[in-house]
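Q: Below is the file model.tsv, with TSV, C-alpha atoms and all ligand atoms.
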chain	number	residue	atom	x	y	z
P	453	MET	CA	-1.21	170.70	67.84
P	454	PRO	CA	-0.58	174.29	69.07
P	455	GLU	CA	-3.05	176.90	67.92
P	456	ARG	CA	-1.11	178.95	65.39
P	457	SER	CA	-2.78	182.33	65.57
P	458	GLY	CA	-3.86	182.23	69.19
P	459	LYS	CA	-0.38	183.08	70.38
P	460	LEU	CA	-0.65	186.80	69.72
P	461	VAL	CA	-2.73	189.23	71.72
P	462	ALA	CA	-5.86	190.33	69.85
P	463	GLY	CA	-6.14	194.08	69.39
P	464	ALA	CA	-2.38	194.71	69.27
P	465	VAL	CA	-2.66	195.48	65.54
P	466	GLU	CA	-3.44	199.12	64.79
P	467	PRO	CA	-6.63	199.13	62.71
P	468	GLU	CA	-5.56	201.92	60.31
P	469	PHE	CA	-2.96	199.62	58.73
P	470	ARG	CA	-5.44	196.80	58.07
P	471	GLY	CA	-6.14	197.93	54.49
P	472	PRO	CA	-2.52	198.20	53.34
P	473	ARG	CA	-1.71	194.88	55.02
P	474	ARG	CA	-4.65	193.16	53.30
P	475	ARG	CA	-3.49	194.59	49.94
P	476	LEU	CA	0.02	193.25	50.56
P	477	VAL	CA	-1.44	189.79	51.21
P	478	GLU	CA	-3.41	189.98	47.95
P	479	GLN	CA	-0.26	191.04	46.10
P	480	LEU	CA	1.63	188.06	47.54
P	481	GLN	CA	-1.17	185.74	46.41
P	482	GLU	CA	-0.92	187.22	42.91
P	483	GLN	CA	2.83	186.52	43.02
P	484	GLY	CA	2.07	182.83	43.63
P	485	ILE	CA	2.20	182.43	47.42
P	486	ARG	CA	-0.34	179.68	48.12
P	487	ASP	CA	0.28	178.56	51.72
P	488	LEU	CA	-2.74	179.90	53.60
P	489	ALA	CA	-1.02	179.68	56.99
P	490	VAL	CA	1.83	181.89	55.69
P	491	LEU	CA	-0.64	184.41	54.22
P	492	LYS	CA	-2.61	184.45	57.49
P	493	ALA	CA	0.57	185.04	59.52
P	494	ILE	CA	1.45	188.02	57.27
P	495	ASP	CA	-2.12	189.32	57.53
P	496	GLU	CA	-1.96	189.21	61.33
P	497	THR	CA	1.54	190.61	61.85
P	498	PRO	CA	1.86	194.42	62.07
P	499	ARG	CA	5.01	194.96	59.94
P	500	HIS	CA	4.83	198.73	60.58
P	501	LEU	CA	5.85	198.14	64.21
P	502	PHE	CA	9.13	196.53	63.09
P	503	VAL	CA	10.42	199.43	60.97
P	504	PRO	CA	11.69	202.89	62.02
P	505	LYS	CA	9.03	205.65	62.18
P	506	ALA	CA	10.62	207.45	59.21
P	507	VAL	CA	9.77	204.57	56.84
P	508	ARG	CA	6.57	203.38	58.54
P	509	HIS	CA	4.42	204.68	55.66
P	510	ARG	CA	6.27	202.17	53.42
P	511	ALA	CA	5.83	199.20	55.75
P	512	TYR	CA	3.36	197.39	53.49
P	513	GLU	CA	5.25	197.88	50.23
P	514	ASP	CA	6.94	194.75	48.94
P	515	SER	CA	10.38	196.18	49.61
P	516	ALA	CA	13.33	195.74	51.94
P	517	LEU	CA	13.65	198.69	54.36
P	518	PRO	CA	16.49	199.98	56.58
P	519	ILE	CA	16.16	199.06	60.28
P	520	GLY	CA	19.33	200.79	61.56
P	521	ASN	CA	22.86	199.54	62.30
P	522	GLY	CA	23.39	199.06	58.55
P	523	GLN	CA	20.82	196.22	58.45
P	524	THR	CA	17.55	195.72	56.59
P	525	ILE	CA	14.20	194.03	57.05
P	526	SER	CA	13.78	191.77	54.01
P	527	GLN	CA	11.04	192.15	51.38
P	528	PRO	CA	7.73	190.57	52.47
P	529	SER	CA	7.73	188.37	49.34
P	530	ILE	CA	11.13	186.97	50.40
P	531	HIS	CA	9.76	186.18	53.88
P	532	ALA	CA	6.70	184.55	52.31
P	533	ARG	CA	8.77	182.35	49.96
P	534	TYR	CA	11.19	181.42	52.74
P	535	LEU	CA	8.34	180.37	55.01
P	536	GLU	CA	6.44	178.54	52.28
P	537	LEU	CA	9.54	176.47	51.44
P	538	LEU	CA	9.74	175.21	55.03
P	539	HIS	CA	6.25	173.59	54.96
P	540	LEU	CA	5.80	174.16	58.70
P	541	THR	CA	2.79	172.45	60.32
P	542	GLY	CA	2.80	174.10	63.75
P	543	THR	CA	4.67	171.35	65.61
P	544	GLU	CA	8.26	172.25	64.77
P	545	LYS	CA	11.22	173.66	66.66
P	546	VAL	CA	12.88	176.29	64.47
P	547	LEU	CA	16.19	178.16	64.69
P	548	GLU	CA	16.43	181.57	63.01
P	549	VAL	CA	19.85	183.16	62.50
P	550	GLY	CA	19.63	186.96	62.13
P	551	THR	CA	16.63	188.20	64.14
P	552	GLY	CA	17.01	191.71	62.66
P	553	SER	CA	13.76	193.59	63.30
P	554	GLY	CA	12.05	190.45	64.68
P	555	TYR	CA	9.34	190.52	61.97
P	556	GLN	CA	10.17	187.12	60.51
P	557	THR	CA	10.59	185.78	64.05
P	558	VAL	CA	6.97	186.69	64.77
P	559	LEU	CA	5.79	185.21	61.45
P	560	LEU	CA	7.57	181.99	62.47
P	561	SER	CA	5.88	182.06	65.87
P	562	HIS	CA	2.52	181.66	64.08
P	563	LEU	CA	3.75	178.72	62.03
P	564	ALA	CA	5.91	176.63	64.39
P	565	ALA	CA	5.71	175.41	67.99
P	566	GLN	CA	8.94	177.00	69.22
P	567	VAL	CA	11.18	179.64	67.71
P	568	PHE	CA	14.80	180.24	68.75
P	569	SER	CA	16.38	183.32	67.19
P	570	ILE	CA	19.93	184.70	67.36
P	571	GLU	CA	21.10	188.26	66.57
P	572	ARG	CA	24.60	189.68	66.92
P	573	VAL	CA	23.65	193.39	67.06
P	574	ALA	CA	22.43	194.25	70.58
P	575	PRO	CA	20.23	197.30	69.79
P	576	LEU	CA	18.39	195.33	67.08
P	577	LEU	CA	17.79	192.41	69.42
P	578	GLU	CA	16.51	194.70	72.19
P	579	SER	CA	14.14	196.48	69.84
P	580	ALA	CA	12.88	193.11	68.50
P	581	ARG	CA	12.42	191.86	72.07
P	582	ALA	CA	10.31	194.90	72.99
P	583	ILE	CA	7.95	194.47	70.01
P	584	ILE	CA	7.66	190.71	70.58
P	585	GLN	CA	6.67	191.42	74.20
P	586	GLN	CA	4.21	194.09	73.08
P	587	LEU	CA	2.57	191.57	70.73
P	588	GLY	CA	2.48	188.89	73.39
P	589	ALA	CA	4.17	186.09	71.41
P	590	ARG	CA	5.19	183.53	74.00
P	591	ASN	CA	6.89	180.79	71.98
P	592	ILE	CA	9.99	182.84	71.04
P	593	SER	CA	13.43	182.68	72.72
P	594	LEU	CA	16.08	185.24	71.77
P	595	LEU	CA	19.86	185.11	72.08
P	596	LEU	CA	22.48	187.83	71.60
P	597	GLY	CA	25.51	186.20	70.00
P	598	ASP	CA	27.22	184.68	66.99
P	599	GLY	CA	24.64	182.69	65.04
P	600	THR	CA	27.33	180.86	63.03
P	601	LEU	CA	27.70	178.69	66.14
P	602	GLY	CA	24.00	177.81	66.18
P	603	TRP	CA	22.26	177.32	69.56
P	604	ARG	CA	23.36	173.91	70.77
P	605	GLN	CA	21.29	173.90	73.96
P	606	TYR	CA	17.95	173.44	72.19
P	607	ALA	CA	19.10	171.35	69.18
P	608	PRO	CA	18.06	169.41	67.15
P	609	TYR	CA	15.93	171.79	65.08
P	610	ASP	CA	13.35	170.77	62.49
P	611	ALA	CA	14.29	173.83	60.46
P	612	ILE	CA	17.07	176.42	60.42
P	613	LEU	CA	16.57	179.72	58.56
P	614	VAL	CA	19.58	181.89	57.92
P	615	SER	CA	18.64	185.48	57.10
P	616	ALA	CA	22.16	186.60	56.13
P	617	ALA	CA	24.54	185.40	53.43
P	618	ALA	CA	27.47	183.03	54.07
P	619	PRO	CA	30.35	181.72	51.93
P	620	ASP	CA	29.53	178.15	53.03
P	621	VAL	CA	27.33	176.22	55.48
P	622	PRO	CA	28.65	176.54	59.06
P	623	GLN	CA	29.22	173.00	60.44
P	624	ALA	CA	27.08	173.74	63.52
P	625	TYR	CA	23.96	173.83	61.32
P	626	VAL	CA	24.63	170.32	59.99
P	627	GLU	CA	25.11	169.08	63.56
P	628	GLN	CA	22.10	170.90	65.03
P	629	LEU	CA	19.58	169.99	62.32
P	630	ALA	CA	17.26	167.02	62.98
P	631	GLU	CA	17.22	164.09	60.54
P	632	GLY	CA	15.03	165.19	57.60
P	633	GLY	CA	15.23	168.79	58.88
P	634	ARG	CA	15.36	171.72	56.45
P	635	LEU	CA	17.99	174.43	56.16
P	636	LEU	CA	17.41	177.62	54.17
P	637	ILE	CA	20.59	179.59	53.57
P	638	PRO	CA	21.88	182.10	51.01
P	639	LEU	CA	25.40	181.10	49.85
P	640	GLY	CA	27.75	183.09	47.66
P	641	ASP	CA	29.94	186.18	47.92
P	642	ARG	CA	29.22	189.38	49.83
P	643	GLU	CA	27.31	190.92	46.91
P	644	GLU	CA	25.24	188.15	45.34
P	645	GLN	CA	24.12	184.73	46.45
P	646	ILE	CA	21.94	181.74	45.64
P	647	LEU	CA	19.28	180.69	48.13
P	648	TYR	CA	19.55	176.96	48.88
P	649	LEU	CA	17.05	174.63	50.52
P	650	MET	CA	18.90	171.72	52.12
P	651	VAL	CA	17.55	168.59	53.76
P	652	LYS	CA	19.59	166.59	56.29
P	653	ARG	CA	20.06	162.93	55.32
P	654	GLY	CA	22.40	161.13	57.74
P	655	ASP	CA	25.51	163.25	58.14
P	656	ARG	CA	25.12	165.08	54.83
P	657	LEU	CA	22.88	167.76	53.35
P	658	GLU	CA	20.98	167.29	50.07
P	659	ARG	CA	20.86	170.71	48.43
P	660	ARG	CA	18.43	172.32	46.00
P	661	GLU	CA	18.99	175.69	44.35
P	662	ILE	CA	16.02	178.00	44.82
P	663	ALA	CA	16.80	181.48	43.42
P	664	PRO	CA	19.41	184.24	43.14
P	665	VAL	CA	19.17	186.58	46.16
P	666	ARG	CA	20.99	189.50	47.82
P	667	PHE	CA	21.35	189.42	51.60
P	668	VAL	CA	23.53	191.29	54.08
P	669	PRO	CA	26.59	189.24	55.14
P	670	LEU	CA	26.52	186.67	57.93
P	671	VAL	CA	29.35	187.93	60.14
P	672	GLY	CA	30.89	185.49	62.59
P	673	LYS	CA	33.46	182.86	63.50
P	674	HIS	CA	32.37	180.44	60.76
P	675	SER	CA	31.49	182.96	58.06
P	676	TRP	CA	32.68	186.41	56.93
P	677	GLU	CA	34.92	188.49	59.15
P	678	GLU	CA	33.65	191.88	60.45
P	701	LIG	N1	14.71	188.54	58.97
P	701	LIG	C1	15.05	189.81	59.52
P	701	LIG	C2	13.85	190.67	59.70
P	701	LIG	O1	12.71	190.18	59.56
P	701	LIG	O2	14.01	191.85	60.03
P	701	LIG	C3	16.07	190.51	58.67
P	701	LIG	C4	17.42	190.03	58.93
P	701	LIG	S1	18.70	191.01	58.22
P	701	LIG	C5	18.52	190.73	56.51
P	701	LIG	C6	20.08	189.96	58.70
P	701	LIG	C7	20.42	190.02	60.17
P	701	LIG	O3	21.43	189.05	60.42
P	701	LIG	C8	20.98	191.35	60.63
P	701	LIG	O4	20.21	191.86	61.68
P	701	LIG	C9	22.40	191.01	61.10
P	701	LIG	O5	22.84	191.79	62.19
P	701	LIG	C10	22.24	189.55	61.46
P	701	LIG	N2	23.50	188.78	61.52
P	701	LIG	C11	24.56	188.83	60.69
P	701	LIG	N3	25.50	187.94	61.11
P	701	LIG	C12	25.01	187.33	62.21
P	701	LIG	C13	25.50	186.32	63.10
P	701	LIG	N4	26.70	185.74	62.95
P	701	LIG	N5	24.70	185.93	64.12
P	701	LIG	C14	23.48	186.49	64.32
P	701	LIG	N6	22.97	187.44	63.52
P	701	LIG	C15	23.72	187.85	62.48
Transcribe the structure of this file into structure tokens.
A:
Amino acid sequence: MPERSGKLVAGAVEPEFRGPRRRLVEQLQEQGIRDLAVLKAIDETPRHLFVPKAVRHRAYEDSALPIGNGQTISQPSIHARYLELLHLTGTEKVLEVGTGSGYQTVLLSHLAAQVFSIERVAPLLESARAIIQQLGARNISLLLGDGTLGWRQYAPYDAILVSAAAPDVPQAYVEQLAEGGRLLIPLGDREEQILYLMVKRGDRLERREIAPVRFVPLVGKHSWEE
């Protein structure tokens, strides 16, 4: 089994943010996050590097923050719940749709064997790529493109996480998910959605409603138009 935390370079985390990051982890525990691997990944990932300098002082608040190009980095508690729902054990191949800042991508790199992540906005992807290189995470592959098509080349995936909201499940996700694989996706309209956890059984998806959420729209061929 791959070593989960050994994939990042020690010392890349600026020490002055250790306290705020530790307090965020405690806050997430108080909110009911129990998965120790998820809490450890959050404790070891420098969220302040993934947000613009102007909001860096707020990096360890439990809030969504702007990352440019009209997009946001989600609340840490949303990331924690998302990751906890996937029950990753360190052996999985995961597809993430909507790299954004790359923060969740790095959290996933602690928890899974291989992470494939797609972003449609080039400047966001390039900024995420630079931070991922700086941190030394080696089990992440990035793609600039339309994530509603999935990433057929490396399918099937044990889990697919969609970090933007769609009106319905793009067919590519059903096709590219492994048997028993998990799909997390917010479905609804452009303003409000429900987060669903789906499990692939044969050629269909069993779905469970998790919670009401608000995500930016998934924009692409099999979702909302620009
Ligand atoms: N999880 C990210 C993070 O940690 O920063 C936040 C993701 S943000 C809420 C959603 C992202 O999905 C945005 O960066 C947006 O550009 C991207 N997105 C929207 N539609 C997409 C598509 N069809 N393919 C790939 N990325 C898409």
Q: Give the residues close to ligand LIG 701 (chain P), within 6 Å, counting only C-alpha atoms and all ligand atoms; write them as a VMD selection string.
A: chain P and resid 523 to 526 549 to 556 570 to 573 597 to 600 615 to 616 667 to 672
Q: Calculate how many Å separate CA of Leu613 (chain P) from CA of Ser675 (chain P), rounding to one decimal.
A: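 Computing it gives 15.3 Å between the two atoms.
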Q: Produce the centre coordinates and the three edge lengths, each in Å to one decimal, of the box along x, y and z that contains all listed atoms of region 472-478 of chain P with 6 Å added on each side, as lines of an AutoDock Vina configuration file.
A:
center_x = -2.3
center_y = 194.0
center_z = 51.5
size_x = 16.7
size_y = 20.4
size_z = 19.1
Q: Between P:Ile494, P:Ala564, P:Ile584, P:Ala611, which is the closest to Val651 (chain P) once you count all atoms listed in the file?
A: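 With all atoms listed in the file as the atom set, the closest residue is P:Ala611.
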Q: Go through P:Lys505, P:His539, P:Lys545, P:Arg660 one by one, measure the shortest atom-to-atom distance of each to Leu639 (chain P) using all atoms listed in the file, and give the residue with the smallest value.
A: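 Comparing P:Lys505, P:His539, P:Lys545, P:Arg660 against Leu639 (chain P), the winner is P:Arg660.
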Q: Calculated over all atoms listed in the file, which of the candidates P:Asn521, P:Gly654, P:Tyr606, P:Val546 has the smallest distance to Arg634 (chain P)?
A: P:Val546
Q: Kindly give the distance, in Å, that separates CA of Leu563 (chain P) and CA of Pro518 (chain P), rounded to a single decimal.
A: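 Spanning CA of Leu563 (chain P) to CA of Pro518 (chain P) is a straight-line distance of 25.4 Å.
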Q: Please report the interatomic distance between CA of Gly602 (chain P) and CA of Glu627 (chain P) in Å with one decimal.
A: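 Taking CA of Gly602 (chain P) and CA of Glu627 (chain P), their separation equals 9.2 Å.
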Q: Which residue is closest to Leu559 (chain P)? Choose from P:Asp514, P:Glu631, P:Glu678, P:Glu536 and count only C-alpha atoms.
A: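 Of the candidates, the smallest distance to Leu559 (chain P) is held by P:Glu536.
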Q: Quick one: residues within 9 Å of Ser529 (chain P), only C-alpha atoms counted, chain neighbours fewer than 6 positions away excluded, as an mmCIF file with C-alpha atoms, keeping the file's coordinate frame?
A:
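Below is the file result_15.cif, written as the result:
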data_model
loop_
_atom_site.group_PDB
_atom_site.id
_atom_site.type_symbol
_atom_site.label_atom_id
_atom_site.label_comp_id
_atom_site.auth_asym_id
_atom_site.auth_seq_id
_atom_site.Cartn_x
_atom_site.Cartn_y
_atom_site.Cartn_z
ATOM 1 C CA LEU P 480 1.630 188.060 47.540
ATOM 2 C CA GLN P 483 2.830 186.520 43.020
ATOM 3 C CA ILE P 485 2.200 182.430 47.420
ATOM 4 C CA ASP P 514 6.940 194.750 48.940
ATOM 5 C CA SER P 515 10.380 196.180 49.610
#
Q: List as a list in words: which residues have an atom within 8 Å of (1.9, 191.6, 56.4), counting only C-alpha atoms?
A: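 Those residues lying close to the given coordinates are Arg473, Arg474, Leu476, Val477, Leu491, Ala493, Ile494, Asp495, Glu496, Thr497, Pro498, Arg499, Tyr512 and Pro528 of chain P.
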Q: List as a VMD selection string the protein and nucleic acid residues near Arg653 (chain P), meaning an atom at most 9 Å away when only C-alpha atoms are counted, but skip any in the same chain fewer than 5 places from it.
A: chain P and resid 631 to 633 658
Q: Pull C-alpha atoms from the residues just selected and write them as a short mmCIF file (atom, residue, chain, number, x, y, z; two decimals), in the coordinates of the input.
A:
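The result, written out as again_35.cif:
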data_model
loop_
_atom_site.label_atom_id
_atom_site.label_comp_id
_atom_site.auth_asym_id
_atom_site.auth_seq_id
_atom_site.Cartn_x
_atom_site.Cartn_y
_atom_site.Cartn_z
CA GLU P 631 17.22 164.09 60.54
CA GLY P 632 15.03 165.19 57.60
CA GLY P 633 15.23 168.79 58.88
CA GLU P 658 20.98 167.29 50.07
#
Q: Ile646 (chain P): which residues within 10 Å, counting only C-alpha atoms, same-chain residues fewer than 5 positions away excluded, as a list in words?
A: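 Returned residues: Ala617, Ile637, Pro638, Leu639, Gly640, Asp641, Glu661, Ile662, Ala663, Pro664, Val665, Arg666 and Phe667 of chain P.
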Q: Let me make sure I understand: among P:Gly542, P:Leu501, P:Arg510, P:Pro622, which one has the smallest atom-to-atom distance to Gln527 (chain P) if we use all atoms listed in the file?
A: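 Smallest separation from Gln527 (chain P) among the options: P:Arg510.
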Q: Add whatever atoms are absent from region 572-583 of chain P to reach all heavy atoms, and provide the output as a PDB file, in the frame of the given file.
A:
ATOM      1  N   ARG P 572      23.317 189.260  66.372  1.00  0.00           N
ATOM      2  CA  ARG P 572      24.600 189.680  66.920  1.00  0.00           C
ATOM      3  C   ARG P 572      24.633 191.169  67.284  1.00  0.00           C
ATOM      4  O   ARG P 572      25.531 191.615  67.996  1.00  0.00           O
ATOM      5  CB  ARG P 572      25.746 189.357  65.944  1.00  0.00           C
ATOM      6  CG  ARG P 572      25.650 190.080  64.618  1.00  0.00           C
ATOM      7  CD  ARG P 572      26.753 189.665  63.679  1.00  0.00           C
ATOM      8  NE  ARG P 572      28.025 190.247  63.999  1.00  0.00           N
ATOM      9  CZ  ARG P 572      28.413 191.459  63.609  1.00  0.00           C
ATOM     10  NH1 ARG P 572      27.597 192.230  62.908  1.00  0.00           N
ATOM     11  NH2 ARG P 572      29.611 191.911  63.918  1.00  0.00           N
ATOM     12  N   VAL P 573      23.655 191.946  66.801  1.00  0.00           N
ATOM     13  CA  VAL P 573      23.650 193.390  67.060  1.00  0.00           C
ATOM     14  C   VAL P 573      22.679 193.682  68.211  1.00  0.00           C
ATOM     15  O   VAL P 573      21.455 193.562  68.054  1.00  0.00           O
ATOM     16  CB  VAL P 573      23.254 194.172  65.783  1.00  0.00           C
ATOM     17  CG1 VAL P 573      23.204 195.673  66.056  1.00  0.00           C
ATOM     18  CG2 VAL P 573      24.208 193.850  64.633  1.00  0.00           C
ATOM     19  N   ALA P 574      23.244 194.100  69.355  1.00  0.00           N
ATOM     20  CA  ALA P 574      22.430 194.250  70.580  1.00  0.00           C
ATOM     21  C   ALA P 574      21.228 195.187  70.432  1.00  0.00           C
ATOM     22  O   ALA P 574      20.116 194.834  70.823  1.00  0.00           O
ATOM     23  CB  ALA P 574      23.321 194.672  71.740  1.00  0.00           C
ATOM     24  N   PRO P 575      21.399 196.398  69.861  1.00  0.00           N
ATOM     25  CA  PRO P 575      20.230 197.300  69.790  1.00  0.00           C
ATOM     26  C   PRO P 575      19.091 196.702  68.949  1.00  0.00           C
ATOM     27  O   PRO P 575      17.916 196.920  69.259  1.00  0.00           O
ATOM     28  CB  PRO P 575      20.784 198.564  69.122  1.00  0.00           C
ATOM     29  CG  PRO P 575      22.263 198.488  69.294  1.00  0.00           C
ATOM     30  CD  PRO P 575      22.630 197.044  69.363  1.00  0.00           C
ATOM     31  N   LEU P 576      19.438 195.953  67.900  1.00  0.00           N
ATOM     32  CA  LEU P 576      18.390 195.330  67.080  1.00  0.00           C
ATOM     33  C   LEU P 576      17.651 194.274  67.904  1.00  0.00           C
ATOM     34  O   LEU P 576      16.421 194.199  67.893  1.00  0.00           O
ATOM     35  CB  LEU P 576      18.983 194.670  65.825  1.00  0.00           C
ATOM     36  CG  LEU P 576      19.525 195.613  64.751  1.00  0.00           C
ATOM     37  CD1 LEU P 576      20.086 194.815  63.571  1.00  0.00           C
ATOM     38  CD2 LEU P 576      18.433 196.563  64.266  1.00  0.00           C
ATOM     39  N   LEU P 577      18.425 193.470  68.634  1.00  0.00           N
ATOM     40  CA  LEU P 577      17.790 192.410  69.420  1.00  0.00           C
ATOM     41  C   LEU P 577      16.869 193.011  70.490  1.00  0.00           C
ATOM     42  O   LEU P 577      15.760 192.520  70.710  1.00  0.00           O
ATOM     43  CB  LEU P 577      18.837 191.505  70.080  1.00  0.00           C
ATOM     44  CG  LEU P 577      18.214 190.235  70.655  1.00  0.00           C
ATOM     45  CD1 LEU P 577      17.865 189.245  69.557  1.00  0.00           C
ATOM     46  CD2 LEU P 577      19.113 189.560  71.667  1.00  0.00           C
ATOM     47  N   GLU P 578      17.325 194.097  71.128  1.00  0.00           N
ATOM     48  CA  GLU P 578      16.510 194.700  72.190  1.00  0.00           C
ATOM     49  C   GLU P 578      15.226 195.301  71.625  1.00  0.00           C
ATOM     50  O   GLU P 578      14.151 195.192  72.219  1.00  0.00           O
ATOM     51  CB  GLU P 578      17.318 195.728  72.986  1.00  0.00           C
ATOM     52  CG  GLU P 578      18.383 195.088  73.866  1.00  0.00           C
ATOM     53  CD  GLU P 578      17.958 193.738  74.487  1.00  0.00           C
ATOM     54  OE1 GLU P 578      16.874 193.678  75.088  1.00  0.00           O
ATOM     55  OE2 GLU P 578      18.683 192.736  74.342  1.00  0.00           O
ATOM     56  N   SER P 579      15.340 195.918  70.459  1.00  0.00           N
ATOM     57  CA  SER P 579      14.140 196.480  69.840  1.00  0.00           C
ATOM     58  C   SER P 579      13.179 195.355  69.440  1.00  0.00           C
ATOM     59  O   SER P 579      11.963 195.443  69.670  1.00  0.00           O
ATOM     60  CB  SER P 579      14.601 197.314  68.631  1.00  0.00           C
ATOM     61  OG  SER P 579      13.566 197.523  67.765  1.00  0.00           O
ATOM     62  N   ALA P 580      13.720 194.255  68.875  1.00  0.00           N
ATOM     63  CA  ALA P 580      12.880 193.110  68.500  1.00  0.00           C
ATOM     64  C   ALA P 580      12.203 192.533  69.747  1.00  0.00           C
ATOM     65  O   ALA P 580      11.010 192.238  69.745  1.00  0.00           O
ATOM     66  CB  ALA P 580      13.726 192.038  67.807  1.00  0.00           C
ATOM     67  N   ARG P 581      12.969 192.438  70.829  1.00  0.00           N
ATOM     68  CA  ARG P 581      12.420 191.860  72.070  1.00  0.00           C
ATOM     69  C   ARG P 581      11.231 192.686  72.571  1.00  0.00           C
ATOM     70  O   ARG P 581      10.207 192.145  72.981  1.00  0.00           O
ATOM     71  CB  ARG P 581      13.528 191.830  73.144  1.00  0.00           C
ATOM     72  CG  ARG P 581      13.168 190.973  74.349  1.00  0.00           C
ATOM     73  CD  ARG P 581      14.155 191.138  75.493  1.00  0.00           C
ATOM     74  NE  ARG P 581      15.524 190.800  75.185  1.00  0.00           N
ATOM     75  CZ  ARG P 581      16.005 189.549  75.093  1.00  0.00           C
ATOM     76  NH1 ARG P 581      15.206 188.530  75.263  1.00  0.00           N
ATOM     77  NH2 ARG P 581      17.272 189.341  74.811  1.00  0.00           N
ATOM     78  N   ALA P 582      11.377 194.027  72.503  1.00  0.00           N
ATOM     79  CA  ALA P 582      10.310 194.900  72.990  1.00  0.00           C
ATOM     80  C   ALA P 582       9.028 194.707  72.164  1.00  0.00           C
ATOM     81  O   ALA P 582       7.929 194.632  72.723  1.00  0.00           O
ATOM     82  CB  ALA P 582      10.778 196.357  72.938  1.00  0.00           C
ATOM     83  N   ILE P 583       9.157 194.607  70.845  1.00  0.00           N
ATOM     84  CA  ILE P 583       7.950 194.470  70.010  1.00  0.00           C
ATOM     85  C   ILE P 583       7.317 193.089  70.226  1.00  0.00           C
ATOM     86  O   ILE P 583       6.096 192.957  70.304  1.00  0.00           O
ATOM     87  CB  ILE P 583       8.288 194.670  68.517  1.00  0.00           C
ATOM     88  CG1 ILE P 583       8.936 196.035  68.306  1.00  0.00           C
ATOM     89  CG2 ILE P 583       7.030 194.567  67.658  1.00  0.00           C
ATOM     90  CD1 ILE P 583       9.623 196.189  66.975  1.00  0.00           C
TER      91      ILE P 583
END
